[in-house]
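Chemist: Take a look at run.pdb, PDB, C-alpha atoms:
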```
ATOM      1  CA  MET K  90      -2.190 -28.041  22.499  1.00  0.00           C
ATOM      2  CA  THR K  91      -1.132 -26.105  25.553  1.00  0.00           C
ATOM      3  CA  GLY K  92       1.541 -23.443  25.713  1.00  0.00           C
ATOM      4  CA  ALA K  93       3.845 -25.844  27.554  1.00  0.00           C
ATOM      5  CA  GLN K  94       3.373 -28.500  24.868  1.00  0.00           C
ATOM      6  CA  PHE K  95       3.984 -25.968  22.092  1.00  0.00           C
ATOM      7  CA  VAL K  96       7.159 -24.723  23.774  1.00  0.00           C
ATOM      8  CA  ALA K  97       8.428 -28.283  24.338  1.00  0.00           C
ATOM      9  CA  LEU K  98       7.774 -29.127  20.683  1.00  0.00           C
ATOM     10  CA  GLN K  99       9.500 -25.977  19.408  1.00  0.00           C
ATOM     11  CA  ARG K 100      12.532 -26.540  21.631  1.00  0.00           C
ATOM     12  CA  HIS K 101      12.786 -30.160  20.498  1.00  0.00           C
ATOM     13  CA  LEU K 102      12.491 -29.204  16.820  1.00  0.00           C
ATOM     14  CA  TYR K 103      15.045 -26.423  17.175  1.00  0.00           C
ATOM     15  CA  THR K 104      17.512 -28.800  18.836  1.00  0.00           C
ATOM     16  CA  VAL K 105      17.041 -31.491  16.164  1.00  0.00           C
ATOM     17  CA  VAL K 106      17.309 -29.008  13.281  1.00  0.00           C
ATOM     18  CA  LYS K 107      20.453 -27.354  14.653  1.00  0.00           C
ATOM     19  CA  ALA K 108      22.073 -30.740  15.338  1.00  0.00           C
ATOM     20  CA  ALA K 109      21.470 -31.706  11.714  1.00  0.00           C
ATOM     21  CA  ASN K 110      22.671 -28.399  10.264  1.00  0.00           C
ATOM     22  CA  PRO K 111      23.490 -25.365  12.425  1.00  0.00           C
ATOM     23  CA  SER K 112      23.091 -22.978   9.483  1.00  0.00           C
ATOM     24  CA  ILE K 113      19.365 -23.716   9.104  1.00  0.00           C
ATOM     25  CA  GLN K 114      17.206 -20.961  10.573  1.00  0.00           C
ATOM     26  CA  TRP K 115      14.307 -22.167  12.750  1.00  0.00           C
ATOM     27  CA  GLY K 116      11.553 -20.422  14.630  1.00  0.00           C
ATOM     28  CA  PRO K 117       7.941 -20.798  15.685  1.00  0.00           C
ATOM     29  CA  VAL K 118       5.130 -19.854  13.317  1.00  0.00           C
ATOM     30  CA  TYR K 119       1.912 -18.670  14.946  1.00  0.00           C
ATOM     31  CA  MET K 120      -1.612 -18.164  13.639  1.00  0.00           C
ATOM     32  CA  ALA K 121      -2.635 -14.536  14.179  1.00  0.00           C
ATOM     33  CA  TYR K 122      -6.123 -15.421  15.386  1.00  0.00           C
ATOM     34  CA  TRP K 123      -4.603 -17.025  18.511  1.00  0.00           C
ATOM     35  CA  TRP K 124      -3.511 -13.575  19.638  1.00  0.00           C
ATOM     36  CA  GLU K 125      -6.829 -11.704  19.768  1.00  0.00           C
ATOM     37  CA  ALA K 126      -7.864 -11.151  23.376  1.00  0.00           C
ATOM     38  CA  GLY K 127     -11.492 -11.823  24.230  1.00  0.00           C
ATOM     39  CA  THR K 128     -11.968 -14.667  21.746  1.00  0.00           C
ATOM     40  CA  ASP K 129     -12.529 -18.365  22.475  1.00  0.00           C
ATOM     41  CA  HIS K 130      -9.221 -19.262  20.826  1.00  0.00           C
ATOM     42  CA  TYR K 131      -7.069 -16.619  22.562  1.00  0.00           C
ATOM     43  CA  ILE K 132      -3.806 -18.091  23.849  1.00  0.00           C
ATOM     44  CA  GLY K 133      -3.923 -16.149  27.093  1.00  0.00           C
ATOM     45  CA  ASP K 134      -0.470 -15.816  28.625  1.00  0.00           C
ATOM     46  CA  LYS K 135       1.609 -14.946  25.567  1.00  0.00           C
ATOM     47  CA  ALA K 136       4.894 -15.685  27.318  1.00  0.00           C
ATOM     48  CA  ALA K 137       3.725 -19.272  27.892  1.00  0.00           C
ATOM     49  CA  TRP K 138       3.838 -19.809  24.107  1.00  0.00           C
ATOM     50  CA  TRP K 139       7.330 -18.411  23.477  1.00  0.00           C
ATOM     51  CA  PRO K 140      10.112 -21.077  23.440  1.00  0.00           C
ATOM     52  CA  GLY K 141      12.766 -18.526  24.371  1.00  0.00           C
ATOM     53  CA  ASN K 142      15.358 -16.705  22.319  1.00  0.00           C
ATOM     54  CA  ASP K 143      17.801 -19.595  22.739  1.00  0.00           C
ATOM     55  CA  TYR K 144      15.373 -21.783  20.740  1.00  0.00           C
ATOM     56  CA  ALA K 145      14.394 -19.452  17.913  1.00  0.00           C
ATOM     57  CA  ASP K 146      16.210 -17.646  15.128  1.00  0.00           C
ATOM     58  CA  PHE K 147      13.023 -15.754  14.230  1.00  0.00           C
ATOM     59  CA  THR K 148       9.314 -15.600  14.976  1.00  0.00           C
ATOM     60  CA  ALA K 149       6.639 -15.788  12.285  1.00  0.00           C
ATOM     61  CA  VAL K 150       2.905 -15.375  11.844  1.00  0.00           C
ATOM     62  CA  ASP K 151       0.203 -16.409   9.390  1.00  0.00           C
ATOM     63  CA  THR K 152      -2.422 -13.670   9.179  1.00  0.00           C
ATOM     64  CA  TYR K 153      -5.611 -13.497   7.144  1.00  0.00           C
ATOM     65  CA  SER K 154      -8.694 -11.329   6.796  1.00  0.00           C
ATOM     66  CA  ALA K 155     -11.204 -13.446   4.881  1.00  0.00           C
ATOM     67  CA  LYS K 156     -14.453 -11.511   4.609  1.00  0.00           C
ATOM     68  CA  GLN K 157     -13.216  -7.935   4.469  1.00  0.00           C
ATOM     69  CA  PRO K 158      -9.707  -6.515   3.967  1.00  0.00           C
ATOM     70  CA  VAL K 159      -8.327  -5.206   7.262  1.00  0.00           C
ATOM     71  CA  PRO K 160      -4.992  -3.362   7.391  1.00  0.00           C
ATOM     72  CA  LEU K 161      -2.388  -5.020   9.603  1.00  0.00           C
ATOM     73  CA  GLU K 162      -2.028  -1.977  11.828  1.00  0.00           C
ATOM     74  CA  ASP K 163      -5.783  -2.189  12.573  1.00  0.00           C
ATOM     75  CA  SER K 164      -5.992  -5.970  12.996  1.00  0.00           C
ATOM     76  CA  ALA K 165      -6.371  -6.960  16.659  1.00  0.00           C
ATOM     77  CA  GLU K 166      -5.189 -10.470  15.782  1.00  0.00           C
ATOM     78  CA  PHE K 167      -2.015  -9.356  14.016  1.00  0.00           C
ATOM     79  CA  ARG K 168      -1.255  -6.604  16.508  1.00  0.00           C
ATOM     80  CA  GLY K 169      -1.616  -9.036  19.411  1.00  0.00           C
ATOM     81  CA  TRP K 170       1.253 -11.073  17.932  1.00  0.00           C
ATOM     82  CA  TYR K 171       3.247  -8.150  16.563  1.00  0.00           C
ATOM     83  CA  ASP K 172       3.223  -5.982  19.667  1.00  0.00           C
ATOM     84  CA  TYR K 173       4.281  -8.894  21.876  1.00  0.00           C
ATOM     85  CA  MET K 174       6.978 -10.197  19.528  1.00  0.00           C
ATOM     86  CA  LEU K 175       8.394  -6.725  19.007  1.00  0.00           C
ATOM     87  CA  GLU K 176       9.590  -6.902  22.621  1.00  0.00           C
ATOM     88  CA  ILE K 177      11.138 -10.372  22.077  1.00  0.00           C
ATOM     89  CA  GLY K 178      13.751  -8.959  19.723  1.00  0.00           C
ATOM     90  CA  GLU K 179      14.004 -11.787  17.186  1.00  0.00           C
ATOM     91  CA  PRO K 180      13.541 -11.157  13.451  1.00  0.00           C
ATOM     92  CA  MET K 181       9.852 -11.207  12.531  1.00  0.00           C
ATOM     93  CA  LEU K 182       8.327 -12.766   9.410  1.00  0.00           C
ATOM     94  CA  ILE K 183       4.856 -12.849   7.889  1.00  0.00           C
ATOM     95  CA  THR K 184       4.901 -16.332   6.373  1.00  0.00           C
ATOM     96  CA  GLU K 185       1.297 -16.288   5.166  1.00  0.00           C
ATOM     97  CA  TYR K 186      -0.790 -13.184   4.488  1.00  0.00           C
ATOM     98  CA  GLY K 187      -4.173 -12.987   2.839  1.00  0.00           C
ATOM     99  CA  GLN K 188      -6.735 -10.266   2.301  1.00  0.00           C
ATOM    100  CA  TYR K 189     -10.303 -11.102   1.175  1.00  0.00           C
ATOM    101  CA  ALA K 190     -11.120 -14.655   0.141  1.00  0.00           C
ATOM    102  CA  VAL K 191     -13.867 -15.147  -2.434  1.00  0.00           C
ATOM    103  CA  GLU K 192     -16.167 -17.717  -0.837  1.00  0.00           C
ATOM    104  CA  PRO K 193     -16.588 -21.040  -2.678  1.00  0.00           C
ATOM    105  CA  GLY K 194     -19.260 -20.812  -5.371  1.00  0.00           C
ATOM    106  CA  GLN K 195     -19.430 -17.001  -5.169  1.00  0.00           C
ATOM    107  CA  ARG K 196     -18.255 -14.258  -7.491  1.00  0.00           C
ATOM    108  CA  SER K 197     -15.724 -11.748  -6.302  1.00  0.00           C
ATOM    109  CA  ASP K 198     -16.983  -8.407  -5.030  1.00  0.00           C
ATOM    110  CA  PRO K 199     -15.361  -5.639  -7.133  1.00  0.00           C
ATOM    111  CA  GLN K 200     -15.420  -3.226  -4.183  1.00  0.00           C
ATOM    112  CA  LYS K 201     -13.629  -5.716  -1.921  1.00  0.00           C
ATOM    113  CA  LEU K 202     -11.061  -6.373  -4.649  1.00  0.00           C
ATOM    114  CA  ARG K 203     -10.317  -2.634  -4.784  1.00  0.00           C
ATOM    115  CA  GLU K 204     -10.150  -2.551  -0.991  1.00  0.00           C
ATOM    116  CA  ARG K 205      -7.764  -5.523  -1.017  1.00  0.00           C
ATOM    117  CA  ALA K 206      -5.386  -3.738  -3.388  1.00  0.00           C
ATOM    118  CA  ALA K 207      -5.571  -0.585  -1.277  1.00  0.00           C
ATOM    119  CA  THR K 208      -4.995  -2.606   1.909  1.00  0.00           C
ATOM    120  CA  ILE K 209      -1.938  -4.321   0.423  1.00  0.00           C
ATOM    121  CA  ARG K 210      -0.489  -0.912  -0.402  1.00  0.00           C
ATOM    122  CA  GLN K 211      -1.380   0.440   3.038  1.00  0.00           C
ATOM    123  CA  ASP K 212       0.207  -2.587   4.718  1.00  0.00           C
ATOM    124  CA  ALA K 213       3.345  -2.189   2.602  1.00  0.00           C
ATOM    125  CA  ALA K 214       3.699   1.431   3.675  1.00  0.00           C
ATOM    126  CA  TRP K 215       3.020   0.638   7.329  1.00  0.00           C
ATOM    127  CA  LEU K 216       5.458  -2.292   7.400  1.00  0.00           C
ATOM    128  CA  ALA K 217       8.155  -0.236   5.671  1.00  0.00           C
ATOM    129  CA  GLY K 218       7.684   2.456   8.303  1.00  0.00           C
ATOM    130  CA  GLN K 219       8.015  -0.076  11.108  1.00  0.00           C
ATOM    131  CA  GLY K 220      11.203  -1.633   9.711  1.00  0.00           C
ATOM    132  CA  THR K 221      10.661  -4.816  11.695  1.00  0.00           C
ATOM    133  CA  ILE K 222       9.378  -7.467   9.265  1.00  0.00           C
ATOM    134  CA  SER K 223      12.152  -9.295   7.385  1.00  0.00           C
ATOM    135  CA  MET K 224       9.910 -11.312   5.061  1.00  0.00           C
ATOM    136  CA  TRP K 225       6.309 -10.984   3.880  1.00  0.00           C
ATOM    137  CA  LEU K 226       4.590 -13.616   1.706  1.00  0.00           C
ATOM    138  CA  TYR K 227       1.122 -13.575   0.156  1.00  0.00           C
ATOM    139  CA  TRP K 228      -1.028 -16.740   0.402  1.00  0.00           C
ATOM    140  CA  ASP K 229      -1.987 -17.015  -3.285  1.00  0.00           C
ATOM    141  CA  ALA K 230      -4.070 -20.179  -3.123  1.00  0.00           C
ATOM    142  CA  THR K 231      -7.506 -21.587  -2.430  1.00  0.00           C
ATOM    143  CA  GLY K 232      -8.670 -23.131   0.822  1.00  0.00           C
ATOM    144  CA  THR K 233     -11.696 -23.871   2.947  1.00  0.00           C
ATOM    145  CA  GLN K 234     -12.457 -20.161   3.340  1.00  0.00           C
ATOM    146  CA  GLY K 235     -12.338 -19.612  -0.409  1.00  0.00           C
ATOM    147  CA  ASP K 236     -10.075 -18.239  -3.110  1.00  0.00           C
ATOM    148  CA  TRP K 237      -7.308 -15.987  -1.807  1.00  0.00           C
ATOM    149  CA  ARG K 238      -5.560 -15.689  -5.169  1.00  0.00           C
ATOM    150  CA  LEU K 239      -4.669 -12.296  -6.547  1.00  0.00           C
ATOM    151  CA  SER K 240      -6.606 -12.791  -9.773  1.00  0.00           C
ATOM    152  CA  ASP K 241      -7.620  -9.165 -10.352  1.00  0.00           C
ATOM    153  CA  PRO K 242      -5.216  -6.742 -12.059  1.00  0.00           C
ATOM    154  CA  GLU K 243      -5.316  -4.124  -9.287  1.00  0.00           C
ATOM    155  CA  SER K 244      -4.324  -6.584  -6.531  1.00  0.00           C
ATOM    156  CA  GLN K 245      -1.657  -8.103  -8.776  1.00  0.00           C
ATOM    157  CA  GLN K 246      -0.218  -4.641  -9.390  1.00  0.00           C
ATOM    158  CA  ALA K 247      -0.290  -3.839  -5.681  1.00  0.00           C
ATOM    159  CA  TRP K 248       1.675  -7.002  -4.889  1.00  0.00           C
ATOM    160  CA  ARG K 249       4.140  -6.322  -7.727  1.00  0.00           C
ATOM    161  CA  GLU K 250       4.810  -2.977  -6.073  1.00  0.00           C
ATOM    162  CA  VAL K 251       5.486  -4.790  -2.799  1.00  0.00           C
ATOM    163  CA  ALA K 252       7.837  -7.227  -4.535  1.00  0.00           C
ATOM    164  CA  ARG K 253       9.773  -4.410  -6.196  1.00  0.00           C
ATOM    165  CA  THR K 254      10.564  -2.797  -2.866  1.00  0.00           C
ATOM    166  CA  GLY K 255      12.456  -5.812  -1.563  1.00  0.00           C
ATOM    167  CA  ARG K 256      12.765  -6.253   2.181  1.00  0.00           C
ATOM    168  CA  THR K 257      10.610  -4.207   4.483  1.00  0.00           C
ATOM    169  CA  ASP K 258      13.284  -3.701   7.126  1.00  0.00           C
TER     170      ASP K 258
END
```
Using the file provided, produce a representation of the structure as structure tokens.

Modeler:
Amino acid sequence: MTGAQFVALQRHLYTVVKAANPSIQWGPVYMAYWWEAGTDHYIGDKAAWWPGNDYADFTAVDTYSAKQPVPLEDSAEFRGWYDYMLEIGEPMLITEYGQYAVEPGQRSDPQKLRERAATIRQDAAWLAGQGTISMWLYWDATGTQGDWRLSDPESQQAWREVARTGRTD
């Protein structure tokens, strides 16, 4: 899909959704890995992928770090999206977030589990300090990359702490 095709699709969807019910909030959801410069999947001209503020009530991202927990503030993928969208001015959401997936058929690495819990806490503090993310959801499921679930007590506790704080903005 090209940027022009993505924009046309988002504008069409926004128009259809608002015609059906103007109170429904709609906005594009991006994959963070699209936003890392120097990769084969980099989107290039970021503005070419934005439908415009008249066609979005928010902007959202799905962001993962499968093999090793990486704090959001240090993630080139996430920061590529975040830094650009910050200038757009629409509410920002993290609709899927995952840190460290246990690969299929493997046992979890206790050190990476501890790092995941620490990274969740670090991300919570960083996001709270930014005051720009209106919603943040953890991807607590399995997939092709492995098991993202928060099955260890330390990661569960870290996410409970996030949930207790409420909104990050």

Chemist: Quick one: everything within 12 Å of Ala252 in chain K, counting all atoms listed in the file, minus sequence neighbours fewer than 2 positions away in the same chain. Send it as an NGL selection string.

Modeler: :K and (209-210 or 213 or 224-227 or 245-250 or 254-257)

Chemist: Return as a list in words the set of residues that the PyMOL selection byres ((chain K and resi 126) around 12) yields on the displayed structure.

Modeler: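 Against this file, the PyMOL selection byres ((chain K and resi 126) around 12) returns the residues Ala121, Tyr122, Trp123, Trp124, Glu125, Gly127, Thr128, Asp129, His130, Tyr131, Ile132, Gly133, Asp134, Lys135, Ser164, Ala165, Glu166, Phe167, Arg168, Gly169 and Trp170 of chain K.
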
Chemist: Tell me which of K:Pro160, K:Gly116, K:Ser223, K:Glu192 sits closest to Gln211 in chain K, counting all atoms listed in the file.

Modeler: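 Result for the nearest residue to Gln211 in chain K: K:Pro160.
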
Chemist: So how many Å separate CA of Val159 in chain K and CA of Pro117 in chain K, to one decimal?

Modeler: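 Separation between CA of Val159 in chain K and CA of Pro117 in chain K: 24.1 Å.
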
Chemist: Find the residues around Ser240 in chain K up to 10 Å (only C-alpha atoms counted), leave out those fewer than 6 positions away in its own chain, and share them as a list in words.

Modeler: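 The residues satisfying every condition are Ser197, Leu202 and Asp229 of chain K.
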
Chemist: Could you write out as a PyMOL selection string the residues that the PyMOL selection byres ((chain K and resi 143) around 12) matches in the shown file?

Modeler: chain K and resi 96+99-101+103-104+107+115-116+139-142+144-147+177-179

Chemist: Which distance in Å separates CA of Ala155 in chain K and CA of Asp212 in chain K, to one decimal?

Modeler: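 So the two atoms, CA of Ala155 in chain K and CA of Asp212 in chain K, lie 15.8 Å apart.
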
Chemist: Would you write out, as a list of chain:residue names, every residue that the PyMOL selection byres ((chain K and resi 150) around 10) captures in this file?

Modeler: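 Here the PyMOL selection byres ((chain K and resi 150) around 10) matches K:Pro117, K:Val118, K:Tyr119, K:Met120, K:Ala121, K:Tyr122, K:Thr148, K:Ala149, K:Asp151, K:Thr152, K:Tyr153, K:Phe167, K:Trp170, K:Tyr171, K:Met181, K:Leu182, K:Ile183, K:Thr184, K:Glu185, K:Tyr186, K:Trp225.
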
Chemist: CA of Tyr173 in chain K and CA of Gln219 in chain K are how many Å apart?

Modeler: 14.4 Å
